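Step one of this worksheet: look at the structure below.
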Amino acid sequence: MARCDLNESAYPPLPTVATALAEQARRAHRYPEFLPDTLRAAIATHLGVDPAAVTVGAGGTAVAFTILQDCLTRTRTRRPRISTPVPTFDGFAILARMLGATIDPSPLTPSGIPDLDALLAGIGPDTAAVILCSPHNPTGAIIGNAELRAFLRAVPAGIRVILDQAYVEYQENPPDIAQLLGVNPDLVVLRTFSKAYGLAGVRAGYAFGLPESIAGSRGREIPFAVSAAAECAVPVALAAQRELTSRIEAMRAERDRLIGALSALGGTVLPSHANFVYLPGDDGIALGRLLRSIGIIGKECPEHGFRLTVADIRTTDYLVDALRLTAQTA
């Protein structure tokens, strides 16, 4: 059985990172830093921003939780709402429920891009935050730079916009965040080391924006929550950009091969800018269930489609051969 449902990297940690983690294991009896200030500084240096503009946590989901906590604390409504396109990352609905907020869903376009007009129309007096993914999860589609700027310009002042860029390393021409912050100072960008960097098990994520927009989330960082393994691995990973680029190029090649194979077998696959592919509609769901029957576990998005993480070469070979055999015997 192959698990292709969580968008994990098909590759283990980069060699230099694996070595650093092995050395760190001998110091596992020691606490990490009380608050992740050293790691914060390393991330800020990588981004070219002030450390006060960065908040760090045990994975992107944990950071999203503190950002939303801050949003709901600042809102005056007793019925806070969070607007986001659906389908999206399942964790957002869970976080909203934990915080006593309601998700206001908006649709995607047929090409899998968030419908920004519909999202904007759904913002109301009880909206505490807006969440956007680009590349979008689960479709892999990206929002154009001009469209994103226009949307940010139109969002009412005081509403936090969370731009989830969990898969940004896979995107060939990501937006200039400094320009976006100039358009909307309430923007906060959420990222993780769980995807392209291959550190899902280490649990390290961060967000950045203007210092005044990040301050509330920073004030909710839990002491000792960022592990010593994360403190050790992340700076080494950030220093290994050449190796990371090689991994990303390999993933893109495997993704394109997977898309070609699925398309040749009759599947409709949306263009992807992430480490997964998406097959929309009932036909996509049906193909996903067929894959499950041959041991390939993907992510079914009920009533919407099916998402499949790009795996290693051997898994893709097995998937393609098994599907061809199934088609021949059908």
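By convention in this document, the chains of the structure tokens carry letters A, B, ... by their order, each chain's residues are numbered from 1, and ligands are numbered from 1 in the order they are shown.
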Per residue of stretch 93-174 of chain A within 10 Å of stretch 3-14 of chain A, note the shortest atom pair and the distance in Å to one decimal, counting only C-alpha atoms, and order the rows by chain and increasing residue number, as a tab-separated table.
```
residue	atom	partner	partner_atom	distance
A:Asn137	CA	A:Asn7	CA	9.7
A:Pro138	CA	A:Asn7	CA	9.6
A:Tyr167	CA	A:Asn7	CA	9.5
```
Kindly assemble as JSON lines a list of the stretch 28-110 of chain A residues that lie within 9 Å of stretch 191-213 of chain A, each paired with its nearest atom pair and their distance in Å to one decimal, using only C-alpha atoms, sorted first by chain and then by ascending residue number.
```
{"residue": "A:Arg40", "atom": "CA", "partner": "A:Tyr206", "partner_atom": "CA", "distance": 8.4}
{"residue": "A:Ile43", "atom": "CA", "partner": "A:Tyr206", "partner_atom": "CA", "distance": 8.4}
{"residue": "A:Ala44", "atom": "CA", "partner": "A:Phe208", "partner_atom": "CA", "distance": 8.6}
{"residue": "A:Val49", "atom": "CA", "partner": "A:Phe208", "partner_atom": "CA", "distance": 8.6}
{"residue": "A:Asp50", "atom": "CA", "partner": "A:Pro211", "partner_atom": "CA", "distance": 7.9}
{"residue": "A:Pro51", "atom": "CA", "partner": "A:Pro211", "partner_atom": "CA", "distance": 8.4}
{"residue": "A:Ala52", "atom": "CA", "partner": "A:Pro211", "partner_atom": "CA", "distance": 5.3}
{"residue": "A:Ala53", "atom": "CA", "partner": "A:Pro211", "partner_atom": "CA", "distance": 4.2}
{"residue": "A:Val54", "atom": "CA", "partner": "A:Phe208", "partner_atom": "CA", "distance": 4.5}
{"residue": "A:Thr55", "atom": "CA", "partner": "A:Ala207", "partner_atom": "CA", "distance": 5.3}
{"residue": "A:Val56", "atom": "CA", "partner": "A:Tyr206", "partner_atom": "CA", "distance": 4.3}
{"residue": "A:Gly57", "atom": "CA", "partner": "A:Gly205", "partner_atom": "CA", "distance": 5.4}
{"residue": "A:Ala58", "atom": "CA", "partner": "A:Ala204", "partner_atom": "CA", "distance": 4.7}
{"residue": "A:Gly59", "atom": "CA", "partner": "A:Gly205", "partner_atom": "CA", "distance": 4.0}
{"residue": "A:Gly60", "atom": "CA", "partner": "A:Gly205", "partner_atom": "CA", "distance": 4.2}
{"residue": "A:Thr61", "atom": "CA", "partner": "A:Gly205", "partner_atom": "CA", "distance": 7.7}
{"residue": "A:Ala62", "atom": "CA", "partner": "A:Gly205", "partner_atom": "CA", "distance": 7.7}
{"residue": "A:Val63", "atom": "CA", "partner": "A:Tyr206", "partner_atom": "CA", "distance": 6.2}
{"residue": "A:Ala64", "atom": "CA", "partner": "A:Ala207", "partner_atom": "CA", "distance": 8.1}
{"residue": "A:Ile67", "atom": "CA", "partner": "A:Ala207", "partner_atom": "CA", "distance": 8.7}
```
Per DSSP on the backbone, filter stretch 244-299 of chain A down to the residues in strand (DSSP E or B) and report them as a ChimeraX atom specification. /A:276-280,296-297,299
Quick one: contact table of stretch 133-225 of chain A to stretch 112-115 of chain A, 12 Å max, nearest atom pair and distance in Å to one decimal per residue, counting only C-alpha atoms, chain and number order, as JSON lines?
```
{"residue": "A:Cys133", "atom": "CA", "partner": "A:Pro114", "partner_atom": "CA", "distance": 8.3}
{"residue": "A:Ser134", "atom": "CA", "partner": "A:Ile113", "partner_atom": "CA", "distance": 8.6}
{"residue": "A:Pro135", "atom": "CA", "partner": "A:Ile113", "partner_atom": "CA", "distance": 8.8}
{"residue": "A:His136", "atom": "CA", "partner": "A:Ile113", "partner_atom": "CA", "distance": 7.1}
{"residue": "A:Asn137", "atom": "CA", "partner": "A:Gly112", "partner_atom": "CA", "distance": 9.3}
{"residue": "A:Pro138", "atom": "CA", "partner": "A:Gly112", "partner_atom": "CA", "distance": 8.5}
{"residue": "A:Thr139", "atom": "CA", "partner": "A:Gly112", "partner_atom": "CA", "distance": 5.5}
{"residue": "A:Gly140", "atom": "CA", "partner": "A:Gly112", "partner_atom": "CA", "distance": 7.6}
{"residue": "A:Ala141", "atom": "CA", "partner": "A:Ile113", "partner_atom": "CA", "distance": 5.5}
{"residue": "A:Ile142", "atom": "CA", "partner": "A:Ile113", "partner_atom": "CA", "distance": 6.4}
{"residue": "A:Ile143", "atom": "CA", "partner": "A:Ile113", "partner_atom": "CA", "distance": 6.4}
{"residue": "A:Gly144", "atom": "CA", "partner": "A:Ile113", "partner_atom": "CA", "distance": 9.4}
{"residue": "A:Glu147", "atom": "CA", "partner": "A:Asp115", "partner_atom": "CA", "distance": 10.4}
{"residue": "A:Leu148", "atom": "CA", "partner": "A:Pro114", "partner_atom": "CA", "distance": 10.4}
{"residue": "A:Phe151", "atom": "CA", "partner": "A:Asp115", "partner_atom": "CA", "distance": 10.4}
```
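A straight line drawn from atom CA of A:Pro87 to atom CA of A:Glu169 is 21.7 Å long.
Minimum distance to A:Arg292 across A:Pro105, A:Gly305, A:Tyr278, A:Leu319 (counting only C-alpha atoms) occurs at A:Leu319.
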Using only C-alpha atoms, which residues of stretch 10-106 of chain A come within 7 Å of stretch 219-234 of chain A, and what is the closest atom pair for each, with the distance in Å to one decimal? Give it as CSV, sorted by chain and residue number.
```
residue,atom,partner,partner_atom,distance
A:Val17,CA,A:Ala233,CA,5.5
A:Ala20,CA,A:Ala233,CA,6.4
A:Leu21,CA,A:Ala233,CA,6.3
A:Gln24,CA,A:Ala229,CA,6.5
A:Tyr31,CA,A:Ala228,CA,6.9
A:Pro32,CA,A:Ala228,CA,4.5
A:Glu33,CA,A:Phe224,CA,6.2
A:Phe34,CA,A:Phe224,CA,4.9
A:Leu35,CA,A:Pro223,CA,5.3
A:Pro36,CA,A:Val226,CA,6.5
A:Leu39,CA,A:Glu231,CA,5.8
A:Gly57,CA,A:Val226,CA,5.8
A:Ala58,CA,A:Val226,CA,5.1
A:Thr66,CA,A:Arg220,CA,6.0
```
Where in stretch 219-317 of chain A does DSSP assign helix (DSSP H, G or I), given as a VMD selection string? chain A and resid 228 to 238 241 to 264 281 to 293 313 to 317
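Using only C-alpha atoms, the smallest distance between any of A:Lys299, A:His46, A:Arg324, A:His273 and A:Val168 comes from A:His273.
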Which residues, written as JSON, numbers by chain, have at least one atom at most 9 Å from stretch 253-264 of chain A, with only C-alpha atoms counted and residues fewer than 6 positions away on the same chain left out? {"A": [270, 271, 272, 274, 275, 276, 277, 309, 310, 311, 312, 313, 316, 319, 320, 323]}
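For the residues A:Pro302, A:Pro185, A:Pro174, A:Pro110, ranking by smallest atom-to-atom distance to A:Thr268 using only C-alpha atoms places A:Pro110 first.
Closest to A:Thr77 among A:Val188, A:Thr127, A:Arg27, A:Pro280 is A:Thr127, based on only C-alpha atoms.
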Can you list, as a ChimeraX atom specification, every protein, DNA or RNA residue that comes within 10 Å of A:Leu291 when you count only C-alpha atoms, leaving out same-chain residues fewer than 6 positions away? /A:285,297-298,308,319,322-323
Got a sec: who's within 10 Å of A:Leu132, counting only C-alpha atoms, leaving out chain neighbours fewer than 5 positions off, as a ChimeraX atom specification? /A:83-86,88,114,116,119,137,143,148,161-165,189-190
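For the pair atom CA of A:Leu99 and atom CA of A:Arg153, the interatomic distance is 27.5 Å.
Between A:Arg74 and the candidates A:Asp104, A:Asp37, A:Asp126, A:Asp117, the tightest atom-to-atom separation, counting only C-alpha atoms, involves A:Asp126.
Rounded to one decimal, atom CA of A:Asp70 and atom CA of A:Ala121 lie 23.6 Å from each other.
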